[in-house]
Amino acid sequence: MKYYHPDIECASPETLKALQAEKLVRAVRHAYDRVPYYRELMRQKKVEPGDIRSLEDLPKLPFLTKEDLRKAYPYGLLALPLSDVVRIQSTSGTTGTRVVAFYTQHDIDLWDESCARAIIAAGGGKDDVVHVCYGYGLFTGGPGLNGGSHKVGSLTLPMSSGNTERQIQFMLDLESTILCCTPSYAAYLAEAIIQMGVRDRIKLKAGIFGAEAWSEEMRRDIEDKLGIKAYDIYGLTEISGPGVSFECSEQTGMHINEDHFLAEIIDPETEEVLPEGSKGEIVFSCISKEAFPLLRYRTRDICVLSREKCSCGRTLIKMSRILGRSDDMLIIRGVNVFPSQIETVLLRCGYPANYQILLDRVRHTDSLEVQVEMTQEMFSDTVKGIAAREKELVASLRAMLGISPKVTIVAPRSIARSEGKAVRVIDKRKL
Ligand code: DLL
């Protein structure tokens with residue numbers, strides 16, 4: 001099978017546009033009628049559902065941001081009664097930044113289909129063994145690829161993350177052919193496979209890697225080490241999860257599932273819509289979802305769109321790999337982290353706001369170190385006392401972030417002061 005849904009994936013631009021326009025009109029009416037929060041946003045922008053008649057009218061709609069989702073947490077943007085909702089998923093951010101997304105069975109079906117398209121595009125089919133080691137639970141990675149693999153009819157291994165030795169053992173025993181995980185975990189697994197001396201025995205042929213930024217060099221490294229073809233996959237919880245876009249055999253960007261998600265590129269400062277080929281923030285309008293119908297949702301992800309003809313035969317527009325973010329969100333080992341969360345913990349634990357967040361990628365794995373100045377009172381602590389404080393801070397930060405940082409408490413006034421804005425984050429990862 002070359003495509004999961006050829007009528008859509010290879011549709012003529014006219015067919016696709018007509019379908020999108022019809023769905024957009026319906027989606028706007030649905031959100032306006034059923035979500036008071038959204039109705040109010042439209043009122044403020046002085047736009048009514050009747051004003052949206054074609055795709056060209058899309059820019060008339062207001063933007064939605066993560067801030068709106070937080071304000072409306074938990075049920076404020078829900079468009080259907082809870083009796084119609086069958087699932088929630090949530091972003092990896094914990095306290096303060098949590099965002100939940102809701103799904104009807106129809107929403108889950110279209111999400112699963114989006115992921116099925118990605119698996120087929122990576123060469124998957126009924127005879128494949130799809131090894132999913134994205135996390136399961138509230139994170140969308142595991143459930144999304146799991147659902148996609150079921151739709152394709154592949155044998156699905158719901159491994160979830162962690163326990164590398166067991167992952168490799170299953171991979172060997174069950175002859176996994178397609179690996180789904182974050183690119184950094186793929187690189188880690190590759191090294192472990194080589195170390196265990198079992199590289200010749202694995203049967204992997206492809207990997208579907210996403211949830212964090214990765215480079216072309218990293219792709220080549222993983223491909224060489226595992227002897228596979230590595231495909232990028234993109235998505236975000238709010239929009240459904242992985243499968244918003246996916247790479248094909250050409251490996252030059254990700255086809256957006258445009259029958260469900262309309263994409264625009266905007267200037268993050270002026271909010272002006274930019275022409276195709278410009279670098280800017282990607283904004284999505286969900287035109288098929290029922291429970292959580294986000295329109296013009298600002299992702300903060302920076303990329304470029306292109307409608308250039310693709311050798312795979314798909315006509316779906318492509319987005320480049322993610323080139324950065326227009327806010328300060330960091331993605332560390334697949335987990336979304338805001339520097340403000342780290343600051344909150346430090347202040348709460350009695351430290352001054354003199355700190356630095358150091359990020360690096362050592363052998364393809366992200367490392368996070370938080371350096372914070374001690375107060376004058378702590379200065380007289382013993383070395384043992386400082387070590388105990390560091391341990392305590394690691395635990396508090398882990399509870400807030402969901403990942404464990406290294407913590408170093410340094411002498412008062414030893415972190416360089418900047419003359420302008422404080423430089424809080426030093427990101428040495430080469431992306
Ligand atoms: O990371 C969904 C996902 C799971 C995508 C598995 C792909 C594979 P969130 O936790 O809500 O959802 O994080 C969404 O992750 O706004 C991007 O900044 C980043 N991101 C996701 N995919 C990619 C990618 C999932 N392929 C945020 N390249 C998004 C770069 C990515 N960044």
# chains A, B, ... in the order shown; residues from 1 in each chain; ligands from 1
$ residues_near_ligand --ligand "ligand 1" --cutoff "7 Å" --atoms "only C-alpha atoms and all ligand atoms" --output "MDAnalysis selection string"
chainID A and resid 91:92 134 139:141 182 209:214 232:238 241:243 299:301 321:322 325 331 334:336
$ select_by_dssp --residues "segment 121-248 of chain A" --states "helix (DSSP H, G or I)" --output "MDAnalysis selection string"
chainID A and resid 121 141:152 164:173 183:195 199:201 216:226 237:239
$ atom_distance --atom1 "atom CA of Pro293 of chain A" --atom2 "atom CA of Val85 of chain A"
12.9 Å
$ closest_residue --among "A:Val394, A:Ala353, A:Val410, A:Val198" --to "Asp381 of chain A" --atoms "only C-alpha atoms"
A:Val410
$ residues_around --residues "Cys310 of chain A" --least-positions-apart "6" --cutoff "12 Å" --atoms "only C-alpha atoms" --output "ChimeraX atom specification"
/A:9-10,247-255,316-318
$ residues_around --residues "segment 59-75 of chain A" --least-positions-apart "6" --cutoff "8 Å" --atoms "only C-alpha atoms" --output "PyMOL selection string"
chain A and resi 37+41-42+45+47+52+97-100+273+294-299
$ residues_around --residues "Tyr103 of chain A" --least-positions-apart "6" --cutoff "8 Å" --atoms "only C-alpha atoms" --output "ChimeraX atom specification"
/A:85-88,289-292
$ residues_around --residues "Val35 of chain A" --least-positions-apart "2" --cutoff "9 Å" --atoms "only C-alpha atoms" --output "ChimeraX atom specification"
/A:30-33,37-40,76-80
$ write_last_selection --atoms "N, CA and C atoms" --output "CSV table (one decimal), in the first residue's frame"
chain,number,residue,atom,x,y,z
A,30,HIS,N,-19.8,25.6,14.1
A,30,HIS,CA,-19.8,24.7,15.3
A,30,HIS,C,-19.2,25.4,16.5
A,31,ALA,N,-18.0,26.0,16.3
A,31,ALA,CA,-17.3,26.6,17.4
A,31,ALA,C,-18.1,27.8,18.0
A,32,TYR,N,-18.7,28.6,17.1
A,32,TYR,CA,-19.4,29.8,17.5
A,32,TYR,C,-20.7,29.4,18.2
A,33,ASP,N,-21.4,28.4,17.7
A,33,ASP,CA,-22.7,28.0,18.4
A,33,ASP,C,-22.5,27.4,19.7
A,37,TYR,N,-16.8,30.9,24.9
A,37,TYR,CA,-15.5,31.5,24.9
A,37,TYR,C,-15.1,32.0,23.5
A,38,TYR,N,-15.3,31.1,22.6
A,38,TYR,CA,-15.0,31.4,21.2
A,38,TYR,C,-15.9,32.4,20.6
A,39,ARG,N,-17.2,32.3,20.9
A,39,ARG,CA,-18.1,33.3,20.4
A,39,ARG,C,-17.7,34.7,20.9
A,40,GLU,N,-17.3,34.8,22.1
A,40,GLU,CA,-16.8,36.1,22.6
A,40,GLU,C,-15.6,36.6,21.9
A,76,GLY,N,-13.6,25.0,29.4
A,76,GLY,CA,-14.2,26.2,28.7
A,76,GLY,C,-14.2,26.2,27.2
A,77,LEU,N,-13.4,25.3,26.5
A,77,LEU,CA,-13.4,25.3,25.1
A,77,LEU,C,-14.0,24.1,24.5
A,78,LEU,N,-14.7,23.3,25.4
A,78,LEU,CA,-15.3,22.1,25.0
A,78,LEU,C,-16.6,22.4,24.2
A,79,ALA,N,-16.8,21.8,23.0
A,79,ALA,CA,-17.9,22.1,22.2
A,79,ALA,C,-19.1,21.1,22.3
A,80,LEU,N,-18.8,20.1,23.0
A,80,LEU,CA,-19.9,19.0,23.1
A,80,LEU,C,-20.1,18.6,24.6
$ residues_around --residues "Ile193 of chain A" --least-positions-apart "4" --cutoff "9 Å" --atoms "only C-alpha atoms" --output "list in words"
Glu165, Ile168, Tyr188, Leu189, Gly197, Val198, Arg199, Ile202 and Leu226 of chain A
$ write_last_selection --atoms "N, CA, C and O atoms" --output "PDB file, in the first residue's frame"
ATOM      1  N   GLU A 165      16.988  -2.118  27.876  1.00  0.00           N
ATOM      2  CA  GLU A 165      17.344  -3.516  27.603  1.00  0.00           C
ATOM      3  C   GLU A 165      16.136  -4.341  27.199  1.00  0.00           C
ATOM      4  O   GLU A 165      16.187  -5.152  26.273  1.00  0.00           O
ATOM      5  N   ILE A 168      15.110  -3.619  23.672  1.00  0.00           N
ATOM      6  CA  ILE A 168      15.942  -4.282  22.655  1.00  0.00           C
ATOM      7  C   ILE A 168      15.624  -5.775  22.597  1.00  0.00           C
ATOM      8  O   ILE A 168      15.560  -6.374  21.526  1.00  0.00           O
ATOM      9  N   TYR A 188      19.844   6.999  21.381  1.00  0.00           N
ATOM     10  CA  TYR A 188      20.283   6.302  22.587  1.00  0.00           C
ATOM     11  C   TYR A 188      20.146   4.780  22.400  1.00  0.00           C
ATOM     12  O   TYR A 188      21.067   4.011  22.693  1.00  0.00           O
ATOM     13  N   LEU A 189      18.979   4.380  21.850  1.00  0.00           N
ATOM     14  CA  LEU A 189      18.750   2.955  21.589  1.00  0.00           C
ATOM     15  C   LEU A 189      19.802   2.411  20.617  1.00  0.00           C
ATOM     16  O   LEU A 189      20.321   1.301  20.802  1.00  0.00           O
ATOM     17  N   GLY A 197      26.098  -5.558  20.978  1.00  0.00           N
ATOM     18  CA  GLY A 197      26.598  -6.421  19.904  1.00  0.00           C
ATOM     19  C   GLY A 197      25.495  -7.111  19.112  1.00  0.00           C
ATOM     20  O   GLY A 197      25.710  -8.193  18.564  1.00  0.00           O
ATOM     21  N   VAL A 198      24.288  -6.491  19.069  1.00  0.00           N
ATOM     22  CA  VAL A 198      23.174  -7.173  18.385  1.00  0.00           C
ATOM     23  C   VAL A 198      22.721  -6.426  17.126  1.00  0.00           C
ATOM     24  O   VAL A 198      21.668  -6.718  16.576  1.00  0.00           O
ATOM     25  N   ARG A 199      23.542  -5.480  16.674  1.00  0.00           N
ATOM     26  CA  ARG A 199      23.177  -4.657  15.516  1.00  0.00           C
ATOM     27  C   ARG A 199      22.786  -5.516  14.305  1.00  0.00           C
ATOM     28  O   ARG A 199      21.856  -5.213  13.584  1.00  0.00           O
ATOM     29  N   ILE A 202      19.001  -7.086  14.488  1.00  0.00           N
ATOM     30  CA  ILE A 202      17.734  -6.343  14.499  1.00  0.00           C
ATOM     31  C   ILE A 202      17.153  -6.266  13.079  1.00  0.00           C
ATOM     32  O   ILE A 202      17.878  -6.260  12.098  1.00  0.00           O
ATOM     33  N   LEU A 226      21.513   2.467  12.798  1.00  0.00           N
ATOM     34  CA  LEU A 226      20.490   1.421  12.854  1.00  0.00           C
ATOM     35  C   LEU A 226      20.224   0.766  11.497  1.00  0.00           C
ATOM     36  O   LEU A 226      19.501  -0.221  11.416  1.00  0.00           O
TER      37      LEU A 226
END
$ select_by_dssp --residues "segment 78-280 of chain A" --states "strand (DSSP E)" --output "count of residues only"
51
$ atom_distance --atom1 "atom CA of Ile208 of chain A" --atom2 "atom CA of Leu179 of chain A"
6.2 Å
$ decode --residues "segment 335-369 of chain A" --atoms "N, CA, C and O atoms" --output "compact mmCIF listing (two decimals), in the first residue's frame"
# COMPACT_ATOMS: atom_id res chain seq x y z
N VAL A 335 10.06 16.70 26.73
CA VAL A 335 9.14 17.30 27.70
C VAL A 335 9.16 18.82 27.52
O VAL A 335 10.23 19.43 27.38
N ASN A 336 7.97 19.43 27.50
CA ASN A 336 7.90 20.88 27.34
C ASN A 336 8.20 21.57 28.67
O ASN A 336 7.53 21.30 29.67
N VAL A 337 9.16 22.46 28.66
CA VAL A 337 9.57 23.13 29.91
C VAL A 337 9.63 24.63 29.66
O VAL A 337 10.23 25.08 28.69
N PHE A 338 9.02 25.40 30.54
CA PHE A 338 9.13 26.85 30.46
C PHE A 338 10.11 27.31 31.55
O PHE A 338 10.00 26.88 32.70
N PRO A 339 11.04 28.21 31.22
CA PRO A 339 11.98 28.70 32.23
C PRO A 339 11.25 29.23 33.47
O PRO A 339 11.74 29.11 34.59
N SER A 340 10.05 29.78 33.27
CA SER A 340 9.32 30.33 34.42
C SER A 340 8.97 29.25 35.45
O SER A 340 8.87 29.53 36.64
N GLN A 341 8.81 28.02 34.99
CA GLN A 341 8.51 26.94 35.96
C GLN A 341 9.72 26.71 36.86
O GLN A 341 9.58 26.48 38.06
N ILE A 342 10.91 26.79 36.27
CA ILE A 342 12.13 26.58 37.05
C ILE A 342 12.29 27.72 38.06
O ILE A 342 12.57 27.52 39.24
N GLU A 343 12.03 28.92 37.57
CA GLU A 343 12.14 30.10 38.45
C GLU A 343 11.18 29.98 39.63
O GLU A 343 11.53 30.27 40.77
N THR A 344 9.95 29.54 39.35
CA THR A 344 8.96 29.39 40.43
C THR A 344 9.48 28.48 41.53
O THR A 344 9.39 28.79 42.72
N VAL A 345 10.07 27.35 41.13
CA VAL A 345 10.57 26.39 42.13
C VAL A 345 11.71 27.03 42.94
O VAL A 345 11.74 26.94 44.16
N LEU A 346 12.62 27.70 42.24
CA LEU A 346 13.77 28.28 42.93
C LEU A 346 13.32 29.30 43.97
O LEU A 346 13.75 29.28 45.12
N LEU A 347 12.40 30.17 43.56
CA LEU A 347 11.94 31.21 44.49
C LEU A 347 11.19 30.59 45.65
O LEU A 347 11.37 30.97 46.80
N ARG A 348 10.35 29.61 45.31
CA ARG A 348 9.58 28.94 46.36
C ARG A 348 10.49 28.27 47.38
O ARG A 348 10.18 28.17 48.55
N CYS A 349 11.65 27.80 46.95
CA CYS A 349 12.57 27.11 47.85
C CYS A 349 13.54 28.09 48.52
O CYS A 349 14.52 27.67 49.15
N GLY A 350 13.32 29.38 48.34
CA GLY A 350 14.11 30.37 49.09
C GLY A 350 15.39 30.82 48.40
O GLY A 350 16.27 31.40 49.04
N TYR A 351 15.53 30.55 47.10
CA TYR A 351 16.74 30.98 46.39
C TYR A 351 16.49 32.32 45.72
O TYR A 351 15.35 32.67 45.43
N PRO A 352 17.55 33.07 45.44
CA PRO A 352 17.35 34.34 44.72
C PRO A 352 17.10 34.05 43.24
O PRO A 352 17.38 32.95 42.76
N ALA A 353 16.60 35.07 42.52
CA ALA A 353 16.32 34.85 41.10
C ALA A 353 17.57 35.01 40.25
O ALA A 353 17.54 35.56 39.16
N ASN A 354 18.70 34.57 40.78
CA ASN A 354 19.94 34.61 40.01
C ASN A 354 20.28 33.17 39.64
O ASN A 354 20.84 32.42 40.44
N TYR A 355 19.92 32.81 38.46
CA TYR A 355 20.10 31.41 38.05
C TYR A 355 20.36 31.35 36.56
O TYR A 355 20.14 32.32 35.82
N GLN A 356 20.82 30.17 36.14
CA GLN A 356 21.03 29.95 34.72
C GLN A 356 20.63 28.51 34.37
O GLN A 356 20.83 27.61 35.17
N ILE A 357 20.06 28.37 33.20
CA ILE A 357 19.61 27.05 32.75
C ILE A 357 20.54 26.65 31.62
O ILE A 357 20.61 27.34 30.60
N LEU A 358 21.27 25.57 31.80
CA LEU A 358 22.25 25.16 30.79
C LEU A 358 21.77 23.89 30.11
O LEU A 358 21.50 22.88 30.78
N LEU A 359 21.68 23.94 28.79
CA LEU A 359 21.22 22.79 28.04
C LEU A 359 22.31 22.31 27.11
O LEU A 359 22.99 23.13 26.49
N ASP A 360 22.45 21.02 27.02
CA ASP A 360 23.42 20.47 26.09
C ASP A 360 22.87 19.15 25.56
O ASP A 360 21.89 18.64 26.08
N ARG A 361 23.48 18.66 24.50
CA ARG A 361 23.06 17.34 24.00
C ARG A 361 24.31 16.49 23.92
O ARG A 361 25.18 16.73 23.11
N VAL A 362 24.41 15.55 24.86
CA VAL A 362 25.59 14.71 24.92
C VAL A 362 25.20 13.35 24.37
O VAL A 362 24.27 12.72 24.86
N ARG A 363 25.89 12.92 23.34
CA ARG A 363 25.58 11.67 22.64
C ARG A 363 24.07 11.57 22.37
O ARG A 363 23.42 10.60 22.71
N HIS A 364 23.53 12.64 21.81
CA HIS A 364 22.14 12.74 21.38
C HIS A 364 21.12 12.75 22.52
O HIS A 364 19.92 12.63 22.29
N THR A 365 21.56 12.85 23.74
CA THR A 365 20.60 12.92 24.83
C THR A 365 20.70 14.31 25.48
O THR A 365 21.80 14.78 25.79
N ASP A 366 19.55 14.94 25.67
CA ASP A 366 19.54 16.28 26.26
C ASP A 366 19.97 16.23 27.72
O ASP A 366 19.54 15.36 28.47
N SER A 367 20.81 17.20 28.10
CA SER A 367 21.11 17.33 29.53
C SER A 367 20.64 18.71 29.98
O SER A 367 20.70 19.68 29.22
N LEU A 368 20.13 18.77 31.19
CA LEU A 368 19.64 20.03 31.77
C LEU A 368 20.35 20.26 33.09
O LEU A 368 20.33 19.40 33.97
N GLU A 369 21.00 21.41 33.18
CA GLU A 369 21.63 21.77 34.46
C GLU A 369 21.07 23.11 34.90
O GLU A 369 20.95 24.04 34.08
